[in-house]
Each structure stands twice: as C-alpha cells, then as structure tokens.
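S.K.: Shown below is the structure under consideration.
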Amino acid sequence: MLDGYKREINYLRISVTDRCNLRCTYCMPAEGIQLMRHDEVLSLEKIAEVARIGAEKFGIKKIRLTGGEPLVRKGIVSLVKMLKAIEHIDEISMTTNGILLSKYASELKEAGLSRVNISLDSLNPDKFKDVTRGGNIEDVFKGIETAKEVQLTPVKINVVKMDSSNKDELEKLEEFCQQEELKIQYIKQMNLETGTFSQVEGGQGGNCSICNRLRLSADGYLKPCLFSNQAYSIKELGIEKAFNSALQNKPEKGKTSHKHGFYNIGG
Ligand code: SAM
Ligand code: SF4
C-alpha cells in the first residue's frame with residue numbers, strides 16, 4: 001500500500017522479543033536494559049494476526065524477524081510456520097547474532113524461513129568477546145556453516161562499522177565473506193537519539209526516499225520509521241487502525257527517536 005509520500009510499503013520487520021543473549025556495546029548498556037514485562041509482549045498468535053492483516057489489507061509481502069535476539073524467543077520455529085501459511089507473504093527472513101543458529105537452522109528452514117542475516121563485527125575472538133560483552137565467536141561460525149548447509153541463503157553478514165573498527169579488520173571480514181560465499185553489508189554505527197544515521201552499504205536500509213518498511217515492536221507498537229517517536233499501539237487502536245495510522249503518518253525522512261532502541265525495535 002502507498003504511504004503519504006507515494007512509497008510502496010510492503011515490508012514488515014517484526015521484533016519478536018527485547019531479550020538478548022549478548023550485550024553489544026553499540027546496542028545496549030553494560031548493565032542491560034529495562035525489559036518489557038512478559039504480559040506486555042505479544043503472543044505468537046497475535047504477531048501472526050498482525051502479519052496476516054498486514055498481508056491481506058495493507059500489501060505486506062516480506063517479513064523480517066528480529067529482536068533483541070529472535071532465537072531466544074520460545075516458539076520461534078512455530079511462528080515461522082504460522083507466517084509461512086499466510087497468503088501473499090513471499091519471503092520470511094531473520095536477523096540474528098548467530099549464537100543459537102546451528103541449533104535451529106534446520107528446523108527454521110523446514111518451517112519456511114528463506115534466509116538469514118548474521119551480525120559479525122570482528123573475526124578476532126577477543127575483540128568479538130569485547131564488542132558483544134561475552135559472546136563466543138565459535139558459536140557464530142557454527143551458525144554460519146549450518147545456515148549454508150541447510151540453504152538459508154544468501155547468508156548475509158551485517159557488519160557495524162564502529163568508531164573503533166580498524167581498516168585491517170574490515171579487510172579480513174571482506175576476505176572471509178568472499179571465501180565463504182557470504183554477502184557482506186556494512187552499517188555505520190548509528191544513534192537513534194541524536195539522529196545519526198546513514199545508508200547501509202550493500203543493502204537498502206537508510207535510504208528514506210525508497211523506504212518500504214514498517215516495524216512492529218515486541219510489545220505491539222507499529223512504527224513507521226526507526227528514527228521517529230511515532231508508534232501506534234495495536235492493543236489500543238486495533239490492528240487495522242494502527243496500520244492505517246502508521247502508513248498515513250510515515251515521515252518523509254527520519255529524524256530522532258527516544259522511544260525505542262535498537263535492542264527492542266531490531267534495527
Ligand atoms: N540480535 C540480532 C542481531 O544482532 O543481529 C537482531 C537485532 S539487532 C538490534 C539488528 C541489527 O542492528 C544488527 O545487525 C546490529 O548489528 C544492528 N545494530 C544494533 N545497534 C546498532 C547501532 N547503534 N548502529 C547500527 N546498527 C546497530
Ligand atoms: Fe543483542 Fe543484536 Fe543488540 Fe547485539 S545487536 S545486543 S546481539 S540485539
């Protein structure tokens with residue numbers, strides 16, 4: 001469906017949880033975040049209903065599952081199954097930190113997931129551990145291998161270019177992706193509160209003039225733009241009204257957001 005600036009909106013990014021098994025320095029404070037209460041988080045059935053109404057009435061064709069970390073959400077495989085059963089949804093993808101991927105990749109593929117983006121900012125185990133505050137890079141390598149084996153392809157690697165990343169490291173990541181037949185996309189470190197954002201290199205994010213996305217937070221807010229405070233509650237407004245409001249009020253360009261962070265809207 002067209003928004004107020006005649007952009008065709010057909011892509012819904014769903015944050016299925018604000019929980020995460022890592023604490024990346026650019027995403028979360030070291031002490032963690034104020035978590036949503038369990039009873040605030042949408043049930044899997046409600047998420048699927050939002051997707052179904054989005055597909056039937058508002059032209060949603062593509063879905064990406066994100067988080068927090070989507071693979072820590074219980075029932076994630078059955079959610080993929082429910083989404084796959086919705087008419088008009090052509091593609092379901094996922095952005096994950098890859099830590100639990102080797103465990104779930106095969107089931108996810110069978111359930112109907114098309115492909116995955118895996119976040120990996122360094123190939124150096126110590127640096128990786130520092131950036132993620134404790135992650136084991138070997139788990140991510142296993143996740144990448146399994147994703148390739150079960151053909152959750154093309155596997156894309158999301159690299160956040162941090163102020164601290166050095167050129168040498170980025171070159172190694174580029175070589176690794178070439179050798180392993182992975183697509184690489186770079187995201188410059190952003191700050192929602194100050195409105196520091198940039199286009200994704202090798203991807204489509206961050207280009208407002210062709211933005212085709214809406215986002216659903218784990219607690220049920222439809223957000224028309226990552227860099228905006230606008231958020232329409234499906235619980236208060238109902239699903240259709242929330243979709244209509246998000247579409248009609250999608251801003252021409254992003255500015256700043258103080259209401260949601262990367263950890264609960266999913267980037
Ligand atoms: N936990 C999953 C993961 O890390 O892939 C999914 C959620 S994470 C918030 C989604 C994407 O947002 C990741 O690729 C992550 O690197 C990126 N991200 C998080 N904080 C960011 C920031 N401040 N600037 C740019 N990208 C960020
Ligand atoms: Fe977790 Fe992803 Fe944020 Fe890292 S970027 S803390 S893995 S949600």
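Following the order of the structure tokens, chains are lettered A, B, ..., residues in each are numbered from 1, and ligands are numbered from 1.
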Excluding Val50 of chain A and its own-chain neighbours fewer than 5 positions away, which residues fall within 12 Å of it when counting only C-alpha atoms? Please give them as a compact mmCIF listing (two decimals) with N, CA, C and O atoms, in the first residue's frame.

M.R.:
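This is the output file part-v4.txt:
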```txt
# COMPACT_ATOMS: atom_id res chain seq x y z
N LEU A 12 7.47 -5.71 6.45
CA LEU A 12 7.25 -5.55 7.89
C LEU A 12 8.38 -6.23 8.66
O LEU A 12 8.65 -7.42 8.46
N ARG A 13 9.04 -5.44 9.50
CA ARG A 13 10.09 -6.02 10.36
C ARG A 13 9.50 -6.23 11.74
O ARG A 13 8.99 -5.27 12.34
N ILE A 14 9.57 -7.43 12.22
CA ILE A 14 8.92 -7.77 13.48
C ILE A 14 9.97 -8.08 14.55
O ILE A 14 10.77 -9.01 14.40
N LEU A 42 3.74 -9.40 22.83
CA LEU A 42 2.69 -10.01 22.01
C LEU A 42 2.87 -11.52 21.97
O LEU A 42 4.00 -12.02 21.89
N SER A 43 1.75 -12.24 21.96
CA SER A 43 1.82 -13.70 21.80
C SER A 43 2.19 -13.99 20.34
O SER A 43 2.04 -13.13 19.46
N LEU A 44 2.63 -15.23 20.10
CA LEU A 44 2.99 -15.61 18.72
C LEU A 44 1.76 -15.50 17.83
O LEU A 44 1.83 -15.07 16.68
N GLU A 45 0.61 -15.88 18.39
CA GLU A 45 -0.64 -15.85 17.60
C GLU A 45 -0.98 -14.41 17.21
O GLU A 45 -1.41 -14.13 16.10
N ALA A 55 -0.80 -8.44 5.44
CA ALA A 55 -0.71 -9.04 4.10
C ALA A 55 -2.04 -8.90 3.35
O ALA A 55 -2.08 -8.54 2.17
N GLU A 56 -3.15 -9.18 4.06
CA GLU A 56 -4.46 -9.17 3.39
C GLU A 56 -4.90 -7.77 3.01
O GLU A 56 -5.44 -7.54 1.94
N LYS A 57 -4.67 -6.81 3.91
CA LYS A 57 -5.30 -5.50 3.70
C LYS A 57 -4.31 -4.38 3.38
O LYS A 57 -4.71 -3.32 2.91
N PHE A 58 -3.03 -4.58 3.67
CA PHE A 58 -2.11 -3.46 3.51
C PHE A 58 -0.91 -3.77 2.61
O PHE A 58 0.05 -3.01 2.57
N ILE A 60 1.47 -6.12 2.68
CA ILE A 60 2.75 -6.62 3.19
C ILE A 60 3.09 -7.95 2.48
O ILE A 60 2.26 -8.86 2.42
N ILE A 63 8.59 -10.27 5.26
CA ILE A 63 8.71 -10.15 6.71
C ILE A 63 10.14 -10.46 7.14
O ILE A 63 10.76 -11.39 6.61
N MET A 82 3.64 -20.36 11.16
CA MET A 82 2.38 -19.60 11.07
C MET A 82 2.48 -18.52 10.00
O MET A 82 1.54 -18.28 9.25
N LEU A 83 3.63 -17.86 9.93
CA LEU A 83 3.79 -16.77 8.97
C LEU A 83 3.83 -17.32 7.54
O LEU A 83 3.29 -16.73 6.61
N ILE A 86 0.60 -17.77 5.65
CA ILE A 86 -0.20 -16.60 5.27
C ILE A 86 -0.07 -16.34 3.77
O ILE A 86 1.04 -16.26 3.24
N LEU A 214 7.66 -0.96 7.54
CA LEU A 214 7.06 -0.63 8.83
C LEU A 214 7.69 -1.59 9.83
O LEU A 214 8.20 -2.64 9.45
N ARG A 215 7.62 -1.23 11.10
CA ARG A 215 8.19 -2.09 12.13
C ARG A 215 7.15 -2.36 13.22
O ARG A 215 6.35 -1.48 13.55
N LEU A 216 7.20 -3.58 13.76
CA LEU A 216 6.33 -3.94 14.87
C LEU A 216 7.21 -4.27 16.06
O LEU A 216 8.08 -5.14 15.98
N SER A 217 6.99 -3.56 17.18
CA SER A 217 7.81 -3.85 18.37
C SER A 217 7.21 -5.05 19.11
O SER A 217 6.04 -5.41 18.91
N ALA A 218 8.02 -5.64 19.97
CA ALA A 218 7.59 -6.86 20.68
C ALA A 218 6.36 -6.60 21.56
O ALA A 218 5.59 -7.50 21.85
N GLY A 220 3.94 -4.54 20.68
CA GLY A 220 2.75 -4.25 19.89
C GLY A 220 2.59 -2.84 19.37
O GLY A 220 1.47 -2.39 19.15
N TYR A 221 3.69 -2.12 19.15
CA TYR A 221 3.59 -0.81 18.51
C TYR A 221 4.03 -0.90 17.06
O TYR A 221 5.10 -1.43 16.77
N LEU A 222 3.20 -0.39 16.16
CA LEU A 222 3.62 -0.28 14.77
C LEU A 222 4.35 1.04 14.62
O LEU A 222 3.82 2.10 14.99
N SER A 233 -0.16 1.81 18.82
CA SER A 233 -0.36 0.58 19.56
C SER A 233 -1.48 -0.26 18.94
O SER A 233 -2.62 0.21 18.84
N ILE A 234 -1.15 -1.49 18.59
CA ILE A 234 -2.22 -2.36 18.06
C ILE A 234 -3.19 -2.75 19.18
O ILE A 234 -4.33 -3.08 18.92
N LYS A 235 -2.71 -2.69 20.43
CA LYS A 235 -3.59 -3.05 21.56
C LYS A 235 -4.62 -1.95 21.79
O LYS A 235 -5.78 -2.22 22.06
N GLY A 238 -6.28 -1.17 17.83
CA GLY A 238 -6.69 -2.28 16.96
C GLY A 238 -5.70 -2.34 15.79
O GLY A 238 -5.06 -1.33 15.46
N ILE A 239 -5.61 -3.53 15.19
CA ILE A 239 -4.53 -3.74 14.20
C ILE A 239 -4.72 -2.86 12.96
O ILE A 239 -3.79 -2.20 12.49
N GLU A 240 -5.95 -2.80 12.44
CA GLU A 240 -6.15 -2.07 11.18
C GLU A 240 -5.90 -0.58 11.35
O GLU A 240 -5.26 0.06 10.52
N LYS A 241 -6.42 -0.03 12.44
CA LYS A 241 -6.25 1.41 12.66
C LYS A 241 -4.77 1.74 12.86
O LYS A 241 -4.27 2.76 12.38
N ALA A 242 -4.07 0.85 13.57
CA ALA A 242 -2.63 1.09 13.79
C ALA A 242 -1.89 1.06 12.45
O ALA A 242 -1.01 1.91 12.20
N PHE A 243 -2.25 0.12 11.57
CA PHE A 243 -1.61 0.09 10.24
C PHE A 243 -1.92 1.37 9.47
O PHE A 243 -1.02 1.99 8.89
```

S.K.: Could you please extract the residues within 8 Å of ligand 2, counting only C-alpha atoms and all ligand atoms, and hand them back as a ChimeraX atom specification?

M.R.: /A:18-28,67-69,96-97,119,132,262-264,266

S.K.: Go ahead and write the residues just picked, C-alpha atoms, as a PDB file, in the first residue's frame.

M.R.:
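Final output, saved to selection33.pdb:
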```pdb
ATOM      1  CA  ASP A  18      13.521  -7.414  23.564  1.00  0.00           C
ATOM      2  CA  ARG A  19      15.603 -10.139  25.260  1.00  0.00           C
ATOM      3  CA  CYS A  20      19.085 -10.927  24.036  1.00  0.00           C
ATOM      4  CA  ASN A  21      21.870 -13.371  24.858  1.00  0.00           C
ATOM      5  CA  LEU A  22      24.529 -10.730  24.058  1.00  0.00           C
ATOM      6  CA  ARG A  23      25.075  -7.111  25.108  1.00  0.00           C
ATOM      7  CA  CYS A  24      26.768  -5.443  22.138  1.00  0.00           C
ATOM      8  CA  THR A  25      28.397  -2.180  23.156  1.00  0.00           C
ATOM      9  CA  TYR A  26      26.702  -0.118  20.419  1.00  0.00           C
ATOM     10  CA  CYS A  27      23.271  -1.589  21.145  1.00  0.00           C
ATOM     11  CA  MET A  28      22.846  -1.952  24.902  1.00  0.00           C
ATOM     12  CA  GLY A  67      14.773  -8.730  18.247  1.00  0.00           C
ATOM     13  CA  GLY A  68      16.520  -8.394  20.656  1.00  0.00           C
ATOM     14  CA  GLU A  69      17.681 -11.802  19.589  1.00  0.00           C
ATOM     15  CA  THR A  96      20.274 -12.910  14.243  1.00  0.00           C
ATOM     16  CA  ASN A  97      23.518 -12.751  16.162  1.00  0.00           C
ATOM     17  CA  SER A 119      25.720  -9.940  12.681  1.00  0.00           C
ATOM     18  CA  THR A 132      29.406  -8.412  22.392  1.00  0.00           C
ATOM     19  CA  PHE A 262      17.912  -0.998  18.516  1.00  0.00           C
ATOM     20  CA  TYR A 263      17.539  -3.712  21.146  1.00  0.00           C
ATOM     21  CA  ASN A 264      13.749  -3.562  21.098  1.00  0.00           C
ATOM     22  CA  GLY A 266      15.599  -4.545  15.871  1.00  0.00           C
TER      23      GLY A 266
END
```

S.K.: Considering only C-alpha atoms, state which residue in the set A:Gly203, A:Lys172, A:Asp219, A:Asn191 is at the smallest distance from Lys255 of chain A.

M.R.: A:Asn191

S.K.: Considering only strand (DSSP E or B) as DSSP defines it on the backbone, what residues of segment 133-207 of chain A qualify? List them as a ChimeraX atom specification.

M.R.: /A:156-161,183-188,191,196,201

S.K.: Could those selected residues go to a file with C-alpha atoms, as a compact mmCIF listing (two decimals), in the first residue's frame?

M.R.:
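Once everything was written out, this is again_11.txt:
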```txt
# COMPACT_ATOMS: atom_id res chain seq x y z
CA LYS A 156 24.37 -12.03 4.61
CA ILE A 157 26.79 -10.74 7.20
CA ASN A 158 25.91 -7.45 8.89
CA VAL A 159 28.99 -5.55 9.98
CA VAL A 160 28.57 -2.48 12.16
CA LYS A 161 31.36 -0.06 11.38
CA LYS A 183 27.26 -11.34 1.18
CA ILE A 184 28.51 -8.53 3.32
CA GLN A 185 26.73 -5.33 4.27
CA TYR A 186 28.11 -2.53 6.37
CA ILE A 187 26.05 -0.47 8.77
CA LYS A 188 27.65 2.62 10.19
CA ASN A 191 22.49 6.77 17.32
CA THR A 196 22.96 9.93 13.48
CA GLU A 201 26.40 -0.19 2.28
```

S.K.: Could you tell me how far atom CA of Ile99 of chain A sits from atom CA of Gly143 of chain A, in Å to one decimal place?

M.R.: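 Between these atoms lies a distance of 6.6 Å.
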